[in-house]
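*Asks:* For reference, this is final34.cif, and it has mmCIF, C-alpha atoms and all ligand atoms.
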data_coords
loop_
_atom_site.label_atom_id
_atom_site.label_comp_id
_atom_site.auth_asym_id
_atom_site.auth_seq_id
_atom_site.Cartn_x
_atom_site.Cartn_y
_atom_site.Cartn_z
CA MET A 1 103.81 130.76 120.09
CA GLU A 2 107.15 129.31 118.98
CA LYS A 3 110.12 131.04 120.66
CA GLN A 4 112.65 132.62 118.31
CA LYS A 5 116.25 131.90 119.20
CA ASN A 6 119.12 134.21 118.35
CA ILE A 7 117.16 137.40 117.73
CA GLY A 8 116.92 140.44 119.98
CA LYS A 9 114.74 140.12 123.06
CA ASP A 10 112.85 143.31 122.15
CA THR A 11 112.09 142.05 118.66
CA LYS A 12 108.57 140.83 118.13
CA VAL A 13 107.71 138.21 115.53
CA ASP A 14 104.03 137.71 114.75
CA TRP A 15 103.52 134.71 112.53
CA ILE A 16 100.72 135.34 110.07
CA GLU A 17 99.02 131.99 109.83
CA ASN A 18 97.96 130.83 106.38
CA SER A 19 99.13 134.08 104.81
CA ALA A 20 100.83 132.35 101.88
CA LYS A 21 99.88 129.35 99.82
CA GLN A 22 102.05 127.28 97.56
CA ALA A 23 101.17 124.99 94.70
CA ARG A 24 103.25 122.99 92.25
CA VAL A 25 101.69 123.23 88.82
CA SER A 26 102.79 120.58 86.35
CA LEU A 27 101.95 119.67 82.83
CA GLY A 28 101.59 115.97 82.09
CA GLY A 29 104.43 115.13 84.45
CA VAL A 30 106.82 117.06 82.20
CA SER A 31 107.20 120.82 82.78
CA SER A 32 106.44 122.21 86.21
CA CYS A 33 106.83 125.24 88.43
CA LEU A 34 106.21 126.32 91.99
CA CYS A 35 103.61 129.05 92.58
CA THR A 36 103.62 131.02 95.81
CA ILE A 37 100.56 133.18 96.42
CA TYR A 38 100.37 135.89 99.06
CA HIS A 39 98.80 139.27 99.69
CA ASN A 40 101.25 142.09 100.30
CA GLY A 41 98.64 144.44 101.77
CA LYS A 42 97.98 146.12 98.43
CA ALA A 43 97.71 143.32 95.90
CA LYS A 44 97.50 139.58 95.56
CA ILE A 45 100.79 138.35 94.16
CA MET A 46 101.82 135.06 92.62
CA ILE A 47 105.54 134.31 92.47
CA ILE A 48 106.71 131.68 90.00
CA ASP A 49 109.85 129.72 90.91
CA ASN A 50 111.55 126.61 89.49
CA PHE A 51 109.90 126.95 86.09
CA GLU A 52 111.46 124.03 84.25
CA THR A 53 111.11 121.53 81.45
CA PRO A 54 113.38 118.47 81.84
CA GLU A 55 116.17 118.65 79.27
CA LYS A 56 114.99 115.87 76.98
CA TYR A 57 111.54 117.47 76.59
CA ARG A 58 112.71 121.02 75.86
CA ASN A 59 111.87 122.95 72.70
CA GLN A 60 108.70 120.93 72.14
CA GLY A 61 106.19 123.51 73.36
CA TYR A 62 105.76 122.26 76.93
CA GLY A 63 107.15 125.44 78.53
CA GLN A 64 104.73 127.61 76.56
CA LYS A 65 101.81 125.31 77.42
CA LEU A 66 102.70 125.35 81.12
CA MET A 67 102.94 129.15 81.14
CA LYS A 68 99.48 129.44 79.62
CA GLU A 69 98.09 127.04 82.24
CA VAL A 70 99.81 128.92 85.06
CA ILE A 71 98.38 132.25 83.89
CA ASP A 72 94.90 130.67 83.66
CA PHE A 73 95.42 129.27 87.17
CA ALA A 74 96.40 132.76 88.42
CA LYS A 75 93.17 134.17 86.97
CA THR A 76 91.14 131.57 88.89
CA GLN A 77 92.87 132.78 92.07
CA ASP A 78 92.13 136.50 91.44
CA ILE A 79 95.84 137.29 91.28
CA ASP A 80 96.73 140.93 90.58
CA SER A 81 100.34 140.36 89.55
CA VAL A 82 102.36 137.32 88.49
CA GLU A 83 106.06 137.80 89.17
CA LEU A 84 109.30 135.95 88.58
CA GLN A 85 113.01 136.46 88.44
CA VAL A 86 115.15 135.42 85.54
CA ASN A 87 118.86 135.56 84.88
CA LYS A 88 119.60 138.21 82.25
CA ASP A 89 121.60 135.63 80.25
CA ASN A 90 118.68 133.19 80.03
CA GLY A 91 117.51 134.19 76.55
CA VAL A 92 115.19 131.20 76.04
CA ALA A 93 113.29 131.86 79.27
CA ILE A 94 113.14 135.64 78.68
CA LYS A 95 111.72 135.08 75.20
CA LEU A 96 109.08 132.74 76.65
CA TYR A 97 108.09 135.25 79.34
CA GLU A 98 107.95 138.21 76.95
CA LYS A 99 105.86 136.22 74.49
CA ASN A 100 103.40 135.78 77.37
CA LYS A 101 103.32 139.56 78.01
CA PHE A 102 105.59 139.65 81.05
CA GLU A 103 107.30 143.01 81.22
CA LYS A 104 110.69 143.82 82.65
CA THR A 105 110.27 145.91 85.78
CA ASP A 106 112.68 148.38 87.30
CA LYS A 107 112.77 146.38 90.52
CA TYR A 108 116.22 145.28 91.47
CA TYR A 109 116.56 142.12 93.47
CA TYR A 110 119.40 141.69 95.91
CA ARG A 111 119.93 138.53 97.85
CA LEU A 112 121.59 137.58 101.08
CA ILE A 113 122.52 133.91 101.00
CA LEU A 114 122.39 132.46 104.50
CA ASN A 115 123.01 128.86 103.50
CA LYS A 116 124.94 128.55 100.26
CA TRP A 117 124.48 124.76 100.06
CA THR A 118 120.76 125.07 99.44
CA ILE A 119 120.92 127.56 96.55
C1 LIG A 201 113.04 127.91 79.81
C2 LIG A 201 112.41 126.55 79.63
C3 LIG A 201 111.45 126.27 80.80
C4 LIG A 201 111.60 126.55 78.32
O1 LIG A 201 110.90 125.31 78.27
P1 LIG A 201 110.55 124.58 76.89
O2 LIG A 201 109.61 123.47 77.22
O3 LIG A 201 111.80 124.23 76.15
O4 LIG A 201 109.77 125.75 76.12
P2 LIG A 201 109.04 125.68 74.70
O5 LIG A 201 109.35 124.39 74.00
O6 LIG A 201 107.59 125.99 74.93
O7 LIG A 201 109.74 126.85 73.93
C5 LIG A 201 109.49 128.19 74.27
C6 LIG A 201 110.20 129.07 73.25
O8 LIG A 201 111.62 128.97 73.43
C7 LIG A 201 112.22 128.52 72.23
N1 LIG A 201 113.29 127.59 72.60
C8 LIG A 201 113.19 126.53 73.42
N2 LIG A 201 114.39 125.93 73.57
C9 LIG A 201 115.24 126.64 72.78
C10 LIG A 201 116.61 126.53 72.51
N3 LIG A 201 117.38 125.57 73.05
N4 LIG A 201 117.19 127.45 71.69
C11 LIG A 201 116.45 128.44 71.14
N5 LIG A 201 115.13 128.60 71.38
C12 LIG A 201 114.54 127.70 72.17
C13 LIG A 201 111.15 127.82 71.47
O9 LIG A 201 111.43 127.82 70.07
C14 LIG A 201 109.97 128.67 71.80
O10 LIG A 201 109.96 129.85 71.06
P3 LIG A 201 108.74 130.19 70.05
O11 LIG A 201 107.54 130.29 70.93
O12 LIG A 201 109.12 131.47 69.40
O13 LIG A 201 108.66 129.02 69.13
C15 LIG A 201 113.47 125.43 79.55
O14 LIG A 201 114.44 125.81 78.60
C16 LIG A 201 114.16 125.10 80.86
O15 LIG A 201 113.66 124.31 81.66
N6 LIG A 201 115.33 125.72 81.08
C17 LIG A 201 116.11 125.45 82.32
C18 LIG A 201 115.43 126.03 83.54
C19 LIG A 201 115.23 127.51 83.38
O16 LIG A 201 116.10 128.24 82.95
N7 LIG A 201 114.03 127.94 83.78
C20 LIG A 201 113.69 129.33 83.79
C21 LIG A 201 114.09 129.91 85.12
S1 LIG A 201 113.67 131.62 85.23
#
Is it possible to express this structure as C-alpha cells?
*Replies:*
Amino acid sequence: MEKQKNIGKDTKVDWIENSAKQARVSLGGVSSCLCTIYHNGKAKIMIIDNFETPEKYRNQGYGQKLMKEVIDFAKTQDIDSVELQVNKDNGVAIKLYEKNKFEKTDKYYYRLILNKWTI
C-alpha cells in the first residue's frame, strides 16, 4: 500500500478500491457535466459538478436536455439521490434545477481550500 507522507504515524488510511466512479455526460458535444457516483454506506449518491453549456449555446434548451439525460442516466445506475451545489446568486441554474424537481436541502457546505490555484 502507498505510504502517506506528512500525516501522523498512528493514523491509518485504508484506500477503498473502486469505491467511486466518475463519468462525463455530454450532449452532442455542447453541454456537459461530471457525475461522481459513490455509496456512502446508506445510499447510492450521484454528485453533479461542472454542469455547463458553452456561452454561445446557452438559452437554447441544451441545459434542460442534459439534465433530463443525466437524471435518466442516474436511474439506470440505481442512484438514490442526485446532489449538487449551486451558488445562491446563480438564478438561471437554480431555476433549471428546481424545474427538474431538485429541492433545496438544509445541508450547509463549508470548504477548506488547500490549493487556491485549482479552484
Ligand atoms: C446554467 C446553464 C448550464 C444553463 O444552460 P442552458 O443550456 O442555457 O439552459 P437552457 O437553455 O436549457 O435553459 C434553462 C432555463 O434557463 C433559462 N435561461 C437560460 N439562460 C438564461 C438567461 N441568460 N437569462 C434568463 N433565463 C435563462 C431558460 O429560459 C430556461 O428556462 P425555461 O425552462 O423556463 O424556459 C448555463 O447557463 C451555464 O453553463 N452557466 C454557467 C455555468 C453554471 O453556472 N453552471 C451551473 C453550476 S451549479
*Asks:* What does the list of residues within 6 Å of ligand LIG 201 (chain A) look like if you count only C-alpha atoms and all ligand atoms, written as a list of chain:residue names?
*Replies:*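 Final answer, ordered by chain and number: A:Phe51, A:Glu52, A:Thr53, A:Pro54, A:Arg58, A:Asn59, A:Gln60, A:Gly61, A:Tyr62, A:Gly63, A:Gln64, A:Gln85, A:Val86, A:Val92, A:Ala93, A:Leu96.
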*Asks:* What does the structure give for the distance between CA of Ser31 (chain A) and CA of Ile71 (chain A), in Å to one decimal?
*Replies:*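 CA of Ile71 (chain A) lies at a distance of 14.5 Å from CA of Ser31 (chain A).
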*Asks:* Using all atoms listed in the file, find the one residue out of A:Val70, A:Ile7, A:Val82, A:Leu112 that sits nearest to Tyr38 (chain A).
*Replies:*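 Closest to Tyr38 (chain A) of all the choices is A:Val82.
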*Asks:* Determine, counting all atoms listed in the file, every residue of protein, DNA or RNA that lies within 6 Å of (100.4, 132.2, 96.4) in the file coordinates, then give the result as a PyMOL selection string.
*Replies:* chain A and resi 20-22+35-38+46
*Asks:* Please, what distance in Å, to one decimal, runs between CA of Lys116 (chain A) and CA of Val25 (chain A)?
*Replies:* 26.5 Å
